[in-house]
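Shown next: entry-v4.tsv, given as TSV, C-alpha atoms.
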```tsv
chain	number	residue	atom	x	y	z
A	252	MET	CA	-10.12	-32.58	21.67
A	253	THR	CA	-13.82	-31.80	21.38
A	254	SER	CA	-14.82	-28.51	19.75
A	255	SER	CA	-17.73	-28.13	22.16
A	256	ALA	CA	-17.46	-26.14	25.36
A	257	LEU	CA	-20.81	-27.42	26.58
A	258	ARG	CA	-22.98	-30.14	25.05
A	259	ALA	CA	-26.34	-31.21	26.44
A	260	GLN	CA	-28.31	-34.11	24.99
A	261	SER	CA	-31.91	-34.79	26.05
A	262	LEU	CA	-31.13	-32.97	29.31
A	263	THR	CA	-33.97	-33.25	31.81
A	264	ARG	CA	-34.19	-32.05	35.38
A	265	VAL	CA	-37.13	-32.76	37.69
A	266	PHE	CA	-37.52	-31.19	41.13
A	267	ARG	CA	-39.55	-33.20	43.59
A	268	THR	CA	-41.94	-31.22	45.75
A	269	ARG	CA	-44.31	-32.21	48.53
A	270	GLY	CA	-45.81	-35.66	48.34
A	271	THR	CA	-45.63	-37.24	44.90
A	272	SER	CA	-45.81	-34.01	42.86
A	273	HIS	CA	-42.88	-32.73	40.84
A	274	ARG	CA	-41.81	-29.79	38.68
A	275	LEU	CA	-40.15	-30.22	35.31
A	276	ALA	CA	-37.40	-27.57	35.22
A	277	LEU	CA	-35.62	-28.75	32.04
A	278	ASP	CA	-37.45	-30.72	29.37
A	279	ALA	CA	-35.19	-32.84	27.10
A	280	ILE	CA	-32.89	-29.96	26.11
A	281	ASP	CA	-30.34	-30.35	23.31
A	282	LEU	CA	-27.61	-27.71	23.22
A	283	ASP	CA	-24.13	-27.58	21.68
A	284	LEU	CA	-21.99	-24.50	22.37
A	285	PRO	CA	-18.62	-24.18	20.58
A	286	ARG	CA	-15.47	-23.03	22.35
A	287	GLY	CA	-14.15	-19.48	22.36
A	288	GLN	CA	-17.47	-17.67	22.06
A	289	VAL	CA	-19.94	-15.79	24.26
A	290	HIS	CA	-23.28	-17.55	24.44
A	291	GLY	CA	-26.39	-15.89	25.87
A	292	LEU	CA	-29.08	-17.86	27.68
A	293	LEU	CA	-32.20	-15.71	27.74
A	294	GLY	CA	-35.61	-16.20	29.28
A	295	PRO	CA	-37.95	-15.18	32.11
A	296	ASN	CA	-37.50	-16.07	35.77
A	297	GLY	CA	-38.15	-19.76	36.34
A	298	ALA	CA	-37.40	-20.69	32.72
A	299	GLY	CA	-34.56	-23.07	33.63
A	300	LYS	CA	-31.50	-20.90	32.96
A	301	THR	CA	-29.96	-21.17	36.43
A	302	THR	CA	-30.81	-24.88	36.64
A	303	LEU	CA	-28.84	-25.46	33.44
A	304	CYS	CA	-25.87	-23.50	34.83
A	305	ARG	CA	-25.97	-25.44	38.10
A	306	ILE	CA	-25.90	-28.74	36.26
A	307	ALA	CA	-23.02	-27.53	34.07
A	308	CYS	CA	-20.94	-26.78	37.17
A	309	THR	CA	-21.94	-30.04	38.93
A	310	VAL	CA	-23.97	-28.39	41.71
A	311	LEU	CA	-27.02	-30.33	40.44
A	312	THR	CA	-27.20	-33.65	38.62
A	313	PRO	CA	-29.44	-34.34	35.63
A	314	SER	CA	-32.61	-36.36	36.08
A	315	GLY	CA	-32.13	-37.61	32.53
A	316	GLY	CA	-29.87	-37.11	29.52
A	317	THR	CA	-26.24	-36.07	29.56
A	318	VAL	CA	-24.11	-32.93	29.81
A	319	GLU	CA	-20.46	-32.68	28.82
A	320	VAL	CA	-18.23	-29.71	29.64
A	321	LEU	CA	-15.09	-29.51	27.48
A	322	GLY	CA	-15.45	-33.24	26.79
A	323	HIS	CA	-15.98	-34.30	30.42
A	324	ASP	CA	-19.27	-35.72	31.71
A	325	VAL	CA	-20.68	-33.69	34.61
A	326	VAL	CA	-21.65	-36.84	36.53
A	327	SER	CA	-18.94	-39.43	35.87
A	328	ASP	CA	-16.09	-36.90	35.57
A	329	ALA	CA	-17.28	-34.16	37.92
A	330	ASP	CA	-13.82	-33.37	39.38
A	331	GLU	CA	-12.41	-32.62	35.93
A	332	VAL	CA	-15.40	-30.41	35.13
A	333	ARG	CA	-14.94	-28.39	38.32
A	334	ARG	CA	-11.31	-27.70	37.44
A	335	ARG	CA	-12.37	-26.13	34.14
A	336	VAL	CA	-15.37	-24.03	35.13
A	337	GLY	CA	-15.60	-20.64	36.82
A	338	ILE	CA	-18.96	-19.66	38.31
A	339	VAL	CA	-20.49	-16.24	38.93
A	340	PHE	CA	-23.98	-16.28	40.43
A	341	GLY	CA	-25.81	-13.00	41.01
A	342	GLY	CA	-26.48	-11.57	44.45
A	343	ASP	CA	-24.53	-11.90	47.68
A	344	ARG	CA	-24.18	-15.69	47.76
A	345	GLY	CA	-20.65	-17.02	48.03
A	346	LEU	CA	-19.00	-13.96	49.58
A	347	TYR	CA	-17.91	-13.57	53.19
A	348	GLY	CA	-18.83	-10.11	54.46
A	349	ARG	CA	-16.53	-10.11	57.50
A	350	LEU	CA	-13.48	-10.86	55.37
A	351	SER	CA	-11.71	-8.40	53.11
A	352	ALA	CA	-11.79	-8.67	49.32
A	353	ARG	CA	-8.24	-10.04	49.39
A	354	GLU	CA	-9.10	-12.60	52.09
A	355	ASN	CA	-12.12	-13.76	50.13
A	356	LEU	CA	-9.96	-14.37	47.06
A	357	GLN	CA	-7.27	-16.08	49.15
A	358	PHE	CA	-9.92	-18.51	50.38
A	359	TRP	CA	-11.19	-19.24	46.88
A	360	CYS	CA	-7.67	-19.65	45.52
A	361	ALA	CA	-7.08	-22.29	48.20
A	362	MET	CA	-10.40	-23.99	47.38
A	363	HIS	CA	-9.45	-24.16	43.70
A	364	GLY	CA	-5.94	-25.43	44.37
A	365	VAL	CA	-4.09	-22.38	43.10
A	366	PRO	CA	-0.40	-22.84	44.14
A	367	ARG	CA	0.56	-20.68	47.11
A	368	ARG	CA	3.52	-19.17	45.28
A	369	ALA	CA	1.13	-17.91	42.57
A	370	THR	CA	-1.74	-16.79	44.82
A	371	ALA	CA	-0.61	-13.25	45.71
A	372	ALA	CA	0.17	-12.26	42.13
A	373	ARG	CA	-3.09	-13.79	40.88
A	374	ILE	CA	-5.13	-11.87	43.45
A	375	ASP	CA	-3.36	-8.59	42.73
A	376	GLU	CA	-4.02	-9.06	39.00
A	377	LEU	CA	-7.72	-9.75	39.52
A	378	LEU	CA	-8.28	-6.89	41.97
A	379	GLU	CA	-6.65	-4.49	39.54
A	380	ARG	CA	-8.56	-5.87	36.57
A	381	LEU	CA	-11.91	-5.57	38.36
A	382	GLY	CA	-11.25	-2.10	39.76
A	383	LEU	CA	-11.04	-3.24	43.40
A	384	ALA	CA	-7.33	-2.73	44.12
A	385	SER	CA	-7.95	0.35	46.27
A	386	ARG	CA	-10.46	-1.59	48.41
A	387	ALA	CA	-8.47	-4.81	48.69
A	388	THR	CA	-8.23	-4.73	52.50
A	389	ASP	CA	-11.76	-3.42	53.17
A	390	LEU	CA	-14.41	-5.74	54.57
A	391	VAL	CA	-16.81	-6.96	51.90
A	392	GLU	CA	-19.80	-6.07	54.09
A	393	THR	CA	-18.94	-2.40	53.40
A	394	PHE	CA	-19.09	-2.88	49.62
A	395	SER	CA	-21.90	-1.67	47.41
A	396	ARG	CA	-23.89	-4.26	45.50
A	397	GLY	CA	-22.03	-3.48	42.30
A	398	MET	CA	-18.65	-3.88	44.01
A	399	LYS	CA	-19.73	-7.23	45.42
A	400	GLN	CA	-20.68	-8.34	41.94
A	401	ARG	CA	-17.25	-7.35	40.63
A	402	LEU	CA	-15.70	-9.41	43.44
A	403	HIS	CA	-17.90	-12.31	42.30
A	404	LEU	CA	-16.33	-11.96	38.86
A	405	ALA	CA	-12.85	-12.01	40.39
A	406	ARG	CA	-13.79	-15.13	42.32
A	407	GLY	CA	-14.94	-16.82	39.12
A	408	LEU	CA	-11.55	-16.17	37.51
A	409	VAL	CA	-9.21	-17.26	40.33
A	410	ALA	CA	-8.52	-20.68	38.75
A	411	ASP	CA	-8.08	-19.22	35.24
A	412	PRO	CA	-10.94	-21.37	33.87
A	413	PRO	CA	-11.51	-21.95	30.14
A	414	LEU	CA	-15.30	-21.87	30.67
A	415	LEU	CA	-17.02	-19.14	32.68
A	416	LEU	CA	-20.68	-19.33	33.74
A	417	LEU	CA	-22.12	-15.86	34.41
A	418	ASP	CA	-25.61	-15.99	35.91
A	419	GLU	CA	-27.07	-12.43	35.87
A	420	PRO	CA	-23.59	-10.95	36.51
A	421	THR	CA	-24.52	-7.26	36.17
A	422	ILE	CA	-27.22	-7.29	38.86
A	423	GLY	CA	-26.76	-4.16	40.95
A	424	MET	CA	-24.11	-2.61	38.74
A	425	ASP	CA	-24.33	1.04	37.77
A	426	PRO	CA	-24.12	1.85	34.03
A	427	VAL	CA	-20.39	2.59	34.16
A	428	SER	CA	-19.61	-0.69	35.92
A	429	ALA	CA	-21.86	-2.57	33.51
A	430	LEU	CA	-19.98	-1.07	30.57
A	431	GLU	CA	-16.66	-2.08	32.14
A	432	PHE	CA	-18.07	-5.57	32.58
A	433	ARG	CA	-18.87	-5.78	28.87
A	434	THR	CA	-15.29	-4.81	28.11
A	435	LEU	CA	-14.04	-7.54	30.44
A	436	VAL	CA	-16.21	-10.18	28.73
A	437	ALA	CA	-14.83	-9.12	25.35
A	438	GLU	CA	-11.30	-9.48	26.74
A	439	LEU	CA	-12.10	-12.97	28.08
A	440	ARG	CA	-13.35	-14.05	24.67
A	441	ALA	CA	-10.20	-12.62	23.04
A	442	GLU	CA	-8.17	-14.79	25.43
A	443	GLY	CA	-9.93	-17.86	24.01
A	444	ARG	CA	-12.30	-18.50	26.90
A	445	THR	CA	-15.90	-19.56	26.50
A	446	VAL	CA	-18.58	-17.58	28.36
A	447	LEU	CA	-22.15	-18.69	29.07
A	448	LEU	CA	-24.12	-15.62	30.10
A	449	THR	CA	-27.66	-15.53	31.47
A	450	THR	CA	-29.28	-12.11	31.45
A	451	HIS	CA	-32.57	-10.23	31.19
A	452	ASP	CA	-30.81	-7.30	29.51
A	453	MET	CA	-31.40	-7.69	25.78
A	454	ALA	CA	-29.08	-4.78	24.94
A	455	GLU	CA	-26.32	-6.52	26.88
A	456	ALA	CA	-26.96	-9.81	25.06
A	457	GLN	CA	-27.05	-8.09	21.68
A	458	ALA	CA	-23.76	-6.31	22.38
A	459	LEU	CA	-21.86	-9.27	23.83
A	460	CYS	CA	-23.12	-12.58	22.52
A	461	ASP	CA	-22.00	-14.52	19.46
A	462	THR	CA	-25.08	-16.74	19.82
A	463	VAL	CA	-28.20	-16.65	21.97
A	464	THR	CA	-30.65	-19.31	23.10
A	465	PHE	CA	-34.13	-18.49	24.36
A	466	ILE	CA	-35.50	-20.82	27.01
A	467	ASP	CA	-38.98	-20.92	28.53
A	468	ASP	CA	-40.67	-23.48	30.79
A	469	GLY	CA	-37.60	-25.67	30.52
A	470	ARG	CA	-37.63	-25.83	26.72
A	471	ILE	CA	-35.53	-24.13	24.07
A	472	VAL	CA	-37.84	-21.96	21.96
A	473	GLY	CA	-35.31	-20.18	19.74
A	474	SER	CA	-31.61	-20.03	18.97
A	475	GLY	CA	-29.13	-18.39	16.61
A	476	THR	CA	-26.91	-15.35	16.31
A	477	PRO	CA	-28.45	-12.04	17.44
A	478	GLY	CA	-28.21	-10.77	13.87
A	479	SER	CA	-29.89	-13.80	12.30
A	480	LEU	CA	-32.71	-13.79	14.83
A	481	ARG	CA	-33.31	-10.08	14.29
A	482	ALA	CA	-33.28	-10.61	10.52
A	483	LEU	CA	-35.84	-13.40	10.83
A	484	GLN	CA	-38.00	-11.19	13.01
A	485	ALA	CA	-37.67	-8.39	10.46
A	486	GLU	CA	-39.02	-10.48	7.56
A	487	GLY	CA	-42.17	-8.63	6.71
A	488	GLY	CA	-42.05	-6.69	9.97
A	489	VAL	CA	-41.08	-3.28	11.29
A	490	ARG	CA	-40.58	-1.76	14.74
A	491	VAL	CA	-42.80	1.21	15.58
A	492	ARG	CA	-41.96	3.38	18.58
A	493	ILE	CA	-44.60	5.79	19.86
A	494	HIS	CA	-43.28	8.47	22.19
A	495	GLY	CA	-44.83	10.39	25.05
A	496	LEU	CA	-47.25	7.77	26.42
A	497	GLY	CA	-48.30	7.39	30.01
A	498	THR	CA	-49.55	4.03	31.26
A	499	GLU	CA	-53.19	4.92	30.63
A	500	ALA	CA	-52.48	6.25	27.14
A	501	HIS	CA	-50.54	3.06	26.35
A	502	SER	CA	-53.49	0.92	27.42
A	503	THR	CA	-55.86	3.01	25.29
A	504	LEU	CA	-53.62	2.69	22.24
A	505	VAL	CA	-53.18	-1.07	22.58
A	506	SER	CA	-56.94	-1.54	22.98
A	507	HIS	CA	-57.41	-0.03	19.49
A	508	LEU	CA	-54.88	-2.37	17.84
A	509	PRO	CA	-55.27	-5.99	16.66
A	510	ASP	CA	-54.73	-8.63	19.37
A	511	ASP	CA	-51.77	-10.21	17.58
A	512	ILE	CA	-49.60	-7.07	17.89
A	513	VAL	CA	-47.18	-7.34	20.81
A	514	GLY	CA	-46.41	-4.07	22.54
A	515	GLU	CA	-44.04	-3.11	25.34
A	516	HIS	CA	-44.35	0.08	27.36
A	517	ASP	CA	-41.48	1.69	29.27
A	518	PRO	CA	-42.92	4.06	31.92
A	519	ALA	CA	-39.49	5.63	32.48
A	520	THR	CA	-39.23	6.92	28.91
A	521	GLY	CA	-42.94	7.03	28.06
A	522	CYS	CA	-42.35	4.97	24.92
A	523	THR	CA	-44.38	2.09	23.53
A	524	ASP	CA	-42.60	-0.29	21.14
A	525	LEU	CA	-44.61	-2.40	18.70
A	526	VAL	CA	-43.49	-4.93	16.12
A	527	VAL	CA	-46.02	-5.12	13.31
A	528	ASP	CA	-46.33	-6.48	9.80
A	529	THR	CA	-44.94	-4.02	7.27
A	530	ARG	CA	-48.32	-3.78	5.54
A	531	ALA	CA	-50.03	-2.98	8.84
A	532	ALA	CA	-47.52	-0.34	9.93
A	533	PRO	CA	-49.24	2.62	8.20
A	534	ALA	CA	-52.54	1.79	9.90
A	535	VAL	CA	-50.83	1.54	13.30
A	536	VAL	CA	-49.09	4.88	12.80
A	537	ALA	CA	-52.36	6.43	11.63
A	538	GLU	CA	-54.16	5.15	14.73
A	539	ALA	CA	-51.46	6.59	16.98
A	540	LEU	CA	-51.78	9.96	15.25
A	541	ARG	CA	-55.57	9.84	15.49
A	542	LEU	CA	-55.26	9.38	19.22
A	543	GLY	CA	-53.06	12.47	19.38
A	544	HIS	CA	-49.58	10.92	19.57
A	545	VAL	CA	-47.55	12.99	17.16
A	546	GLU	CA	-44.04	11.58	17.70
A	547	VAL	CA	-43.66	8.19	16.02
A	548	THR	CA	-40.46	6.55	14.76
A	549	THR	CA	-39.84	3.28	12.91
A	550	GLY	CA	-36.84	1.00	12.47
A	551	PRO	CA	-35.65	-2.61	12.29
A	552	PRO	CA	-36.53	-5.03	15.12
A	553	THR	CA	-34.16	-5.52	18.06
A	554	LEU	CA	-33.30	-8.59	20.12
A	555	GLN	CA	-35.88	-7.32	22.61
A	556	ASP	CA	-38.50	-7.66	19.87
A	557	VAL	CA	-37.40	-11.25	19.24
A	558	TYR	CA	-37.79	-11.92	22.97
A	559	LEU	CA	-41.31	-10.51	22.92
A	560	ARG	CA	-42.25	-12.56	19.88
A	561	LEU	CA	-41.00	-15.79	21.44
A	562	LEU	CA	-41.94	-15.20	25.07
A	563	GLY	CA	-44.41	-12.30	25.05
A	564	HIS	CA	-47.43	-14.60	24.95
A	565	ARG	CA	-46.87	-17.26	27.59
A	566	ASP	CA	-50.02	-19.19	26.73
A	567	GLY	CA	-48.49	-22.57	25.94
A	568	THR	CA	-48.39	-21.91	22.19
A	569	ASP	CA	-45.29	-23.23	20.46
A	570	ARG	CA	-43.46	-20.18	19.11
A	571	GLY	CA	-40.15	-21.86	18.40
A	572	MET	CA	-37.62	-20.16	16.13
A	573	ALA	CA	-34.21	-21.48	15.16
A	574	VAL	CA	-31.58	-20.21	12.74
```

What is this file in structure tokens?
Amino acid sequence: MTSSALRAQSLTRVFRTRGTSHRLALDAIDLDLPRGQVHGLLGPNGAGKTTLCRIACTVLTPSGGTVEVLGHDVVSDADEVRRRVGIVFGGDRGLYGRLSARENLQFWCAMHGVPRRATAARIDELLERLGLASRATDLVETFSRGMKQRLHLARGLVADPPLLLLDEPTIGMDPVSALEFRTLVAELRAEGRTVLLTTHDMAEAQALCDTVTFIDDGRIVGSGTPGSLRALQAEGGVRVRIHGLGTEAHSTLVSHLPDDIVGEHDPATGCTDLVVDTRAAPAVVAEALRLGHVEVTTGPPTLQDVYLRLLGHRDGTDRGMAV
């Protein structure tokens, strides 16, 4: 039995557009994810994350290279792959609004070949686990976005799959639901399942993932454990947070700093986060104080800082990092 949950070798996917033009969505990707772990696939919109997930679940076929899921080729052994993979795509796709939550799950149990004698108990278990038992007979069109996403998760688990693909699964969830989701993912890993998670939430990835892979323009630009990537980012660097900045004040501050310093501003909190060389940190803090910003804190880099280093400058420069 292979130790890999998902293995891609020289995986390429080309989308044909009008005429003879084409778009390269995945560019000769090599990836090997071991079983029983949570793997994060991180990157901006259009980077190739969803394309990779769609190939892994046989919705798309590769243009080149190979992909194996739990030892089965996604092209030549697609039926076996489908029996082993659960899929959760973000948004409303795949749910039937005029059916109840229970009826939706009954349909998907039938589609996945769950024995009839086991269907009712399986559905009850999933509805309870996802906090939807009290709304089991309500039409899905009356559900909030977060509730629909929890039903998506239940749908992905109906066949008890060893590999679960979660594509932006917390879209629309409130903070409490998102925290419950993290608990569920931890439980799935404890059960021995493998989870491939795509997300834009770096805090979520840092909290959940055993390993992360950064992808941009169809290429892998960095990979490793969250801790190892943060440690590599921290070599000679420090995170500086400047509080109390409006958008205009942020722009003024950044204009007084060297061009190679990447900064991120959060208008909601009024904070600007910078990752700078340790030797340059005193000068950055001094400049912030000179401009009248008196609340400044420092600390080690986060996974968000790694993301900014790898993908903050989308100018075609190779910024690959691997651990």

Exercise. Can you list, as a ChimeraX atom specification, every protein, DNA or RNA residue that comes within 6 Å of A:Pro412 when you count all atoms listed in the file, leaving out same-chain residues fewer than 2 positions away?
Worked result: /A:335-337,410,414

Output for the residues just chosen: C-alpha atoms as an mmCIF file, in the coordinates of the input:
```
data_model
loop_
_atom_site.group_PDB
_atom_site.id
_atom_site.type_symbol
_atom_site.label_atom_id
_atom_site.label_comp_id
_atom_site.auth_asym_id
_atom_site.auth_seq_id
_atom_site.Cartn_x
_atom_site.Cartn_y
_atom_site.Cartn_z
ATOM 1 C CA ARG A 335 -12.370 -26.130 34.140
ATOM 2 C CA VAL A 336 -15.370 -24.030 35.130
ATOM 3 C CA GLY A 337 -15.600 -20.640 36.820
ATOM 4 C CA ALA A 410 -8.520 -20.680 38.750
ATOM 5 C CA LEU A 414 -15.300 -21.870 30.670
#
```

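With distances restricted to all atoms listed in the file, A:Val491 is the closest residue to A:Ala537 from A:Ala361, A:Val491, A:Val265, A:Met424.
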
For this session: Identify which of the residues A:Asp418, A:Asp324, A:Glu438, A:Glu354 lies closest to A:His451, counting only C-alpha atoms when measuring atom-to-atom distances.
Result: A:Asp418

Exercise. Excluding same-chain residues fewer than 3 positions from A:Ala384, what lies within 10 Å of it counting only C-alpha atoms, as a PyMOL selection string?
Worked result: chain A and resi 352-353+374-381+387-388

Problem set entry | Residues within 6 Å of A:Ala259, only C-alpha atoms, excluding chain neighbours under 5 positions, as a ChimeraX atom specification | /A:281-282,317-318

Exercise. Do you know which residues are at most 12 Å from A:Val365 counting only C-alpha atoms, after dropping those on the same chain fewer than 4 positions away, and could you put them as JSON, numbers by chain?
Worked result: {"A": [334, 356, 357, 358, 359, 360, 361, 369, 370, 371, 372, 373, 374, 408, 409, 410, 411, 412]}

Exercise. How far is it from atom CA of A:Leu262 to atom CA of A:Pro420, in Å with one decimal?
Worked result: 24.4 Å

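Between atom CA of A:Thr476 and atom CA of A:Thr301 the interatomic distance comes to 21.2 Å.
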
Problem set entry | Which of A:Ala276, A:Val332, A:Leu415, A:Leu554 sits closest to A:Leu303 [using all atoms listed in the file] |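 The closest residue to A:Leu303 is A:Ala276.
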
Exercise. Which of these residues is nearest to A:Pro413, using all atoms listed in the file: A:Asp330, A:Val320, A:Asp467, A:Leu561?
Worked result: A:Val320

Problem set entry | Counting only C-alpha atoms, the option among A:Leu416, A:Leu525, A:Pro426, A:Gly473 closest to A:Gly397 | A:Pro426

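We find atom CA of A:Leu292 and atom CA of A:Thr450 to be spaced 6.9 Å apart.
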
Exercise. Taking all atoms listed in the file into account, which of A:Glu442, A:Glu331, A:Asp278, A:Asp517 comes nearest A:Gly315?
Worked result: A:Asp278

Give the padded box for stretch 402-421 of chain A as lines of an AutoDock Vina configuration file: axis-aligned, covering all atoms listed in the file, 3 Å on each side, centre and edge lengths in Å to one decimal.
```
center_x = -17.6
center_y = -14.6
center_z = 36.8
size_x = 25.0
size_y = 20.7
size_z = 19.3
```

Neighbour list for A:Ala458 as a JSON list (two decimals) with C-alpha atoms, keeping the file's coordinate frame, cut-off 12 Å, all atoms listed in the file, skip fewer than 6 positions in-chain:
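The resulting file, around_5.json, is reproduced below:
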```json
[["chain", "number", "residue", "atom", "x", "y", "z"],
["A", 289, "VAL", "CA", -19.94, -15.79, 24.26],
["A", 290, "HIS", "CA", -23.28, -17.55, 24.44],
["A", 291, "GLY", "CA", -26.39, -15.89, 25.87],
["A", 429, "ALA", "CA", -21.86, -2.57, 33.51],
["A", 430, "LEU", "CA", -19.98, -1.07, 30.57],
["A", 432, "PHE", "CA", -18.07, -5.57, 32.58],
["A", 433, "ARG", "CA", -18.87, -5.78, 28.87],
["A", 434, "THR", "CA", -15.29, -4.81, 28.11],
["A", 436, "VAL", "CA", -16.21, -10.18, 28.73],
["A", 437, "ALA", "CA", -14.83, -9.12, 25.35],
["A", 452, "ASP", "CA", -30.81, -7.30, 29.51],
["A", 476, "THR", "CA", -26.91, -15.35, 16.31],
["A", 477, "PRO", "CA", -28.45, -12.04, 17.44],
["A", 478, "GLY", "CA", -28.21, -10.77, 13.87],
["A", 553, "THR", "CA", -34.16, -5.52, 18.06],
["A", 554, "LEU", "CA", -33.30, -8.59, 20.12]]
```
